[in-house]
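Asker: Hey, dropping structure.txt in here, compact mmCIF, C-alpha atoms:
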# COMPACT_ATOMS: atom_id res chain seq x y z
CA MET A 194 21.12 35.42 -35.32
CA GLY A 195 18.95 34.03 -38.05
CA LYS A 196 17.74 31.17 -35.86
CA GLU A 197 16.47 33.36 -33.00
CA PRO A 198 12.98 34.07 -34.43
CA SER A 199 12.45 30.33 -34.94
CA SER A 200 13.52 29.69 -31.34
CA ASN A 201 11.16 32.36 -30.00
CA SER A 202 8.34 30.95 -32.10
CA GLY A 203 8.94 27.48 -30.68
CA LEU A 204 8.83 28.84 -27.11
CA LYS A 205 5.56 30.64 -27.83
CA ILE A 206 4.00 27.46 -29.23
CA ALA A 207 5.22 25.45 -26.24
CA TYR A 208 3.82 28.08 -23.86
CA LYS A 209 0.44 28.03 -25.60
CA ILE A 210 0.31 24.23 -25.45
CA PHE A 211 1.26 24.27 -21.75
CA SER A 212 -1.40 26.92 -21.03
CA TRP A 213 -4.13 24.95 -22.79
CA VAL A 214 -3.13 21.69 -21.12
CA THR A 215 -3.10 23.39 -17.69
CA LEU A 216 -6.51 24.93 -18.35
CA ALA A 217 -7.90 21.56 -19.50
CA ILE A 218 -6.59 19.84 -16.35
CA LEU A 219 -8.11 22.58 -14.18
CA VAL A 220 -11.50 22.32 -15.92
CA VAL A 221 -11.54 18.52 -15.64
CA THR A 222 -10.56 18.73 -11.96
CA ILE A 223 -13.38 21.20 -11.21
CA LEU A 224 -15.89 19.03 -13.08
CA LEU A 225 -14.77 15.93 -11.19
CA ILE A 226 -15.09 17.72 -7.85
CA LEU A 227 -18.55 19.09 -8.66
CA HIS A 228 -19.76 15.72 -9.93
CA LYS A 229 -21.09 13.94 -6.85
CA SER A 230 -20.17 10.28 -6.74
CA PRO A 231 -23.06 7.83 -6.21
CA ALA A 232 -23.96 7.16 -2.58
CA PRO A 233 -23.44 3.65 -1.22
CA VAL A 234 -26.55 1.53 -0.92
CA VAL A 235 -27.36 1.28 2.78
CA THR A 236 -30.52 0.16 4.52
CA VAL A 237 -32.22 2.33 7.15
CA ASP A 238 -34.78 0.54 9.30
CA PRO A 239 -36.51 1.82 12.47
CA ALA A 240 -36.32 -1.69 13.91
CA ALA A 241 -32.55 -1.72 13.39
CA ALA A 242 -32.22 1.64 15.18
CA GLN A 243 -34.21 0.24 18.09
CA LYS A 244 -32.02 -2.86 18.12
CA ALA A 245 -28.91 -0.66 18.34
CA GLU A 246 -30.45 1.22 21.27
CA GLN A 247 -31.13 -2.08 23.00
CA LYS A 248 -27.51 -3.15 22.51
CA PHE A 249 -26.25 0.03 24.19
CA GLU A 250 -28.74 -0.46 27.04
CA ALA A 251 -27.59 -4.08 27.50
CA ALA A 252 -23.96 -2.93 27.60
CA ALA A 253 -24.83 -0.33 30.25
CA GLN A 254 -26.53 -2.99 32.38
CA ALA A 255 -23.53 -5.33 32.04
CA LYS A 256 -21.16 -2.55 33.11
CA ALA A 257 -23.34 -1.75 36.12
CA GLN A 258 -22.98 -5.40 37.18
CA GLY A 259 -19.22 -5.28 36.76
CA GLN A 260 -19.21 -7.46 33.68
CA PRO A 261 -17.24 -6.83 30.45
CA ALA A 262 -19.37 -5.27 27.75
CA GLN A 263 -19.16 -4.84 24.00
CA VAL A 264 -21.50 -3.45 21.37
CA GLN A 265 -21.36 -4.63 17.76
CA LEU A 266 -23.32 -2.79 15.07
CA ASP A 267 -23.70 -3.88 11.47
CA PRO A 268 -24.08 -1.27 8.67
CA THR A 269 -27.89 -1.31 8.83
CA GLU A 270 -27.93 -0.81 12.61
CA LEU A 271 -25.29 1.92 12.47
CA ASN A 272 -26.90 3.88 9.61
CA SER A 273 -30.34 3.55 11.21
CA TYR A 274 -28.94 4.80 14.52
CA LEU A 275 -27.22 7.72 12.76
CA ALA A 276 -30.42 8.61 10.87
CA GLN A 277 -32.33 8.62 14.16
CA ASN A 278 -29.83 10.66 16.16
CA LEU A 279 -28.03 12.98 13.74
CA GLU A 280 -29.90 16.19 12.99
CA LEU A 281 -28.82 16.93 9.44
CA PRO A 282 -30.58 19.23 6.96
CA GLY A 283 -32.49 17.21 4.40
CA SER A 284 -32.33 13.96 6.33
CA SER A 285 -35.12 12.40 8.34
CA PRO A 286 -35.00 10.13 11.37
CA ALA A 287 -35.33 6.40 10.82
CA ASN A 288 -38.61 6.28 12.69
CA GLY A 289 -40.09 9.32 10.93
CA ALA A 290 -40.38 11.27 14.18
CA PRO A 291 -38.28 14.19 15.41
CA PRO A 292 -34.98 12.88 16.78
CA GLU A 293 -34.66 12.65 20.51
CA ALA A 294 -31.88 14.50 22.26
CA SER A 295 -29.48 11.62 22.62
CA GLU A 296 -25.77 11.37 22.06
CA PRO A 297 -24.84 9.94 18.65
CA PRO A 298 -22.50 6.96 18.51
CA SER A 299 -18.78 7.52 18.73
CA VAL A 300 -18.26 7.07 15.00
CA ALA A 301 -20.54 9.98 14.10
CA PRO A 302 -18.01 12.78 14.85
CA THR A 303 -15.47 10.93 12.71
CA ALA A 304 -17.60 11.18 9.64
CA ALA A 305 -18.46 14.80 10.19
CA SER A 306 -15.03 15.88 11.27
CA SER A 307 -13.37 14.37 8.25
CA VAL A 308 -14.68 16.98 5.82
CA PRO A 309 -11.50 18.65 4.53
CA ALA A 310 -12.74 22.22 4.94
CA ALA A 311 -9.32 23.38 6.02
CA ASN A 312 -6.29 23.98 3.84
CA PRO A 313 -3.73 21.30 4.81
CA ASN A 314 -0.92 23.53 3.51
CA ALA A 315 -1.80 26.36 5.90
CA PRO A 316 -0.91 25.14 9.41
CA ASN A 317 -1.51 28.55 10.95
CA GLU A 318 -4.97 28.86 9.47
CA ALA A 319 -7.78 28.55 12.03
CA GLN A 320 -9.30 25.09 11.82
CA PRO A 321 -13.12 24.80 11.70
CA SER A 322 -14.84 23.38 14.77
CA LEU A 323 -16.88 20.19 14.64
CA GLU A 324 -20.03 22.28 15.05
CA GLU A 325 -19.12 24.41 12.01
CA VAL A 326 -18.31 21.35 9.92
CA GLN A 327 -21.42 19.46 11.00
CA SER A 328 -23.59 22.47 10.14
CA SER A 329 -22.45 22.13 6.51
CA VAL A 330 -23.07 18.38 6.34
CA ARG A 331 -26.22 17.41 4.48
CA ASP A 332 -26.05 13.62 4.56
CA VAL A 333 -23.91 10.85 6.06
CA LYS A 334 -23.84 7.21 5.05
CA VAL A 335 -21.46 4.62 6.47
CA ASP A 336 -20.45 1.24 5.16
CA MET A 337 -17.94 -1.22 6.56
CA GLU A 338 -15.79 -3.73 4.75
CA GLY A 339 -13.41 -5.95 6.65
CA ASP A 340 -11.59 -3.61 9.04
CA LEU A 341 -12.33 -0.47 6.99
CA ILE A 342 -14.98 2.13 7.68
CA LYS A 343 -16.20 3.77 4.47
CA THR A 344 -17.94 7.10 4.93
CA TYR A 345 -19.95 8.98 2.32
CA ILE A 346 -20.72 12.60 3.16
CA VAL A 347 -22.60 15.30 1.27
CA PHE A 348 -21.64 18.77 2.45
CA ASN A 349 -22.38 22.31 1.32
CA LEU A 350 -19.56 24.61 0.27
CA HIS A 351 -20.48 28.15 -0.80
CA GLY A 352 -23.97 27.05 -1.80
CA GLU A 353 -22.85 23.98 -3.76
CA ASP A 354 -23.45 20.43 -2.48
CA LEU A 355 -20.33 18.28 -2.85
CA SER A 356 -19.71 14.66 -1.96
CA LEU A 357 -16.79 13.35 0.06
CA GLU A 358 -15.78 9.72 0.39
CA LEU A 359 -13.31 8.62 3.05
CA ASP A 360 -12.06 5.12 3.76
CA GLY A 361 -9.94 4.44 6.79
CA HIS A 362 -9.22 2.64 10.02
CA LEU A 363 -11.07 3.57 13.18
CA GLY A 364 -9.47 3.19 16.58
CA ALA A 365 -8.68 4.64 19.98
CA GLU A 366 -5.44 6.05 21.33
CA ASN A 367 -4.85 7.47 24.82
CA GLY A 368 -8.58 7.87 25.38
CA TYR A 369 -9.23 9.68 22.11
CA MET A 370 -10.80 8.58 18.86
CA LYS A 371 -8.31 7.94 16.08
CA PHE A 372 -9.02 7.85 12.35
CA GLN A 373 -6.38 6.88 9.81
CA PRO A 374 -7.50 7.58 6.22
CA VAL A 375 -6.37 5.22 3.46
CA ALA A 376 -8.32 6.62 0.50
CA GLY A 377 -10.66 9.48 -0.32
CA LYS A 378 -12.11 11.63 -3.02
CA ILE A 379 -14.17 14.80 -3.40
CA GLY A 380 -16.83 14.22 -6.00
CA SER A 381 -15.08 12.01 -8.52
CA PHE A 382 -11.65 13.56 -7.88
CA PRO A 383 -9.24 11.28 -5.94
CA LEU A 384 -7.42 12.99 -3.07
CA PRO A 385 -3.66 12.48 -2.69
CA GLN A 386 -2.74 10.46 0.39
CA ALA A 387 -0.49 13.23 1.73
CA ALA A 388 -3.32 15.77 1.54
CA LEU A 389 -5.71 13.33 3.19
CA ASP A 390 -3.34 12.65 6.08
CA ALA A 391 -2.61 16.33 6.63
CA ALA A 392 -6.27 17.42 6.52
CA VAL A 393 -7.51 14.72 8.91
CA ARG A 394 -4.56 15.19 11.27
CA GLN A 395 -5.04 18.95 11.50
CA MET A 396 -8.79 18.61 11.91
CA MET A 397 -8.56 16.05 14.70
CA ASN A 398 -5.63 17.67 16.52
CA SER A 399 -6.88 21.25 16.43
CA PRO A 400 -7.68 22.75 19.87
CA GLU A 401 -11.30 23.35 18.78
CA ASN A 402 -11.88 19.65 18.14
CA HIS A 403 -9.39 17.59 20.15
CA GLU A 404 -11.37 17.40 23.40
CA LYS A 405 -14.60 16.72 21.51
CA LEU A 406 -12.97 13.52 20.23
CA ARG A 407 -12.29 12.23 23.72
CA LEU A 408 -14.00 8.88 24.22
CA PRO A 409 -16.22 8.32 27.27
CA ASP A 410 -14.21 7.16 30.28
CA ASP A 411 -15.83 3.72 30.18
CA VAL A 412 -14.95 3.09 26.50
CA SER A 413 -11.65 1.29 26.01
CA ASP A 414 -11.64 0.87 22.24
CA ILE A 415 -13.61 1.39 19.05
CA GLN A 416 -12.76 -0.27 15.76
CA VAL A 417 -14.18 -2.05 12.75
CA GLN A 418 -13.96 -5.84 12.64
CA ASP A 419 -15.43 -8.16 10.01
CA GLY A 420 -17.69 -5.44 8.62
CA GLN A 421 -19.06 -4.32 12.00
CA VAL A 422 -18.20 -1.41 14.27
CA VAL A 423 -17.20 -2.74 17.69
CA VAL A 424 -17.30 -0.59 20.82
CA SER A 425 -15.50 -2.17 23.78
CA TYR A 426 -16.09 -1.02 27.35
CA LYS A 427 -13.78 -1.23 30.35
Represent the supplied structure as structure tokens.

Answerer:
Amino acid sequence: MGKEPSSNSGLKIAYKIFSWVTLAILVVTILLILHKSPAPVVTVDPAAAQKAEQKFEAAAQAKAQGQPAQVQLDPTELNSYLAQNLELPGSSPANGAPPEASEPPSVAPTAASSVPAANPNAPNEAQPSLEEVQSSVRDVKVDMEGDLIKTYIVFNLHGEDLSLELDGHLGAENGYMKFQPVAGKIGSFPLPQAALDAAVRQMMNSPENHEKLRLPDDVSDIQVQDGQVVVSYK
């Protein structure tokens, strides 16, 4: 009986240590999430956006003549095209003029739709639509390395701008865009692979978004090769 107070005291000390450690981990996690990671250095050039437009026009002409067509965009061309066609708060078109009403390239919904706004552990929770996610996106930058597409997104959550980085493989499957994440982080906080997979899968497979990720009927594949996004047509 004489040892019981000492035992209780040890449990109290252990509980206090555990509580402080848990609180410290929570504080560090919040600080890492709120600390935006630096954006990748990408070049935006009106001439590159125009060159991308010309590549799509040339592909359309080749298809009309029954010839195989393919469009290859390097990071400068892709980011310039995105800046010209995506209407995002705080961003300006590559040519300095209001963006024309044209359809953004097929990789654009991937970047926007990858924001993990949904809880991956709540499968019955309503998933946000691409329109809702895109309305919270403030900036999108895309880089490519080998066969990886590396997206950097700044989005607003409850009045706070946060950064999201996603690296993954881009592709097509059964006529739909496919994105397989391999790494990601919110702010400076790395995201577990399981959470990444679940969030992207639920976002892309949700009824609100699935049909929006259908590729045009004349597109057979989209992927990243040797640091360029490659769109192949039938």

Asker: Mind giving me the straight-line distance from CA of Leu357 in chain A to CA of Ser425 in chain A in Å, one decimal?

Answerer: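 Separating CA of Leu357 in chain A from CA of Ser425 in chain A is a distance of 28.4 Å.
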
Asker: Expressed in Å to a single decimal, how great is the separation between CA of Val417 in chain A and CA of Gln265 in chain A?

Answerer: 9.1 Å

Asker: For Glu358 in chain A, find every residue with an atom within 8 Å (counting all atoms listed in the file), except residues of its own chain fewer than 4 positions away, and show them as a list in words.

Answerer: Lys343, Thr344, Tyr345, Ile346, Gly377, Lys378, Ile379 and Gly380 of chain A

Asker: How many Å lie between CA of Ala255 in chain A and CA of Leu408 in chain A, rounded to one decimal?

Answerer: 18.8 Å

Asker: Closest to Val235 in chain A among A:Tyr274, A:Lys334, A:Leu266, A:Pro261, using all atoms listed in the file?

Answerer: A:Lys334

Asker: Counting all atoms listed in the file, figure out which residue out of A:Lys427, A:Tyr369, A:Leu384, A:Pro374 gets nearest to Lys405 in chain A.

Answerer: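 Ranking A:Lys427, A:Tyr369, A:Leu384, A:Pro374 by distance to Lys405 in chain A, first place goes to A:Tyr369.
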
Asker: Nearest to Phe382 in chain A among A:Ser356, A:Gln254, A:Asn367, A:Gln421, with distances taken over only C-alpha atoms: which residue is it?

Answerer: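 Going through A:Ser356, A:Gln254, A:Asn367, A:Gln421 one by one, the smallest distance to Phe382 in chain A is for A:Ser356.
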
Asker: Looking at only C-alpha atoms, which of A:Val264, A:Gln373, A:Met396, A:Glu338 is the one that sits closest to Ile415 in chain A?

Answerer: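 Closest candidate: A:Val264.
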
Asker: With distances taken over only C-alpha atoms, which of A:Asp414, A:Glu401, A:Asp332, A:Asp390 is nearest to Leu363 in chain A?

Answerer: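 Smallest distance to Leu363 in chain A is found for A:Asp414.
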
Asker: For Asp360 in chain A, which residue out of A:Leu406, A:Ala252, A:Val347, A:Val335 is the nearest one, using only C-alpha atoms?

Answerer: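 Closest candidate: A:Val335.
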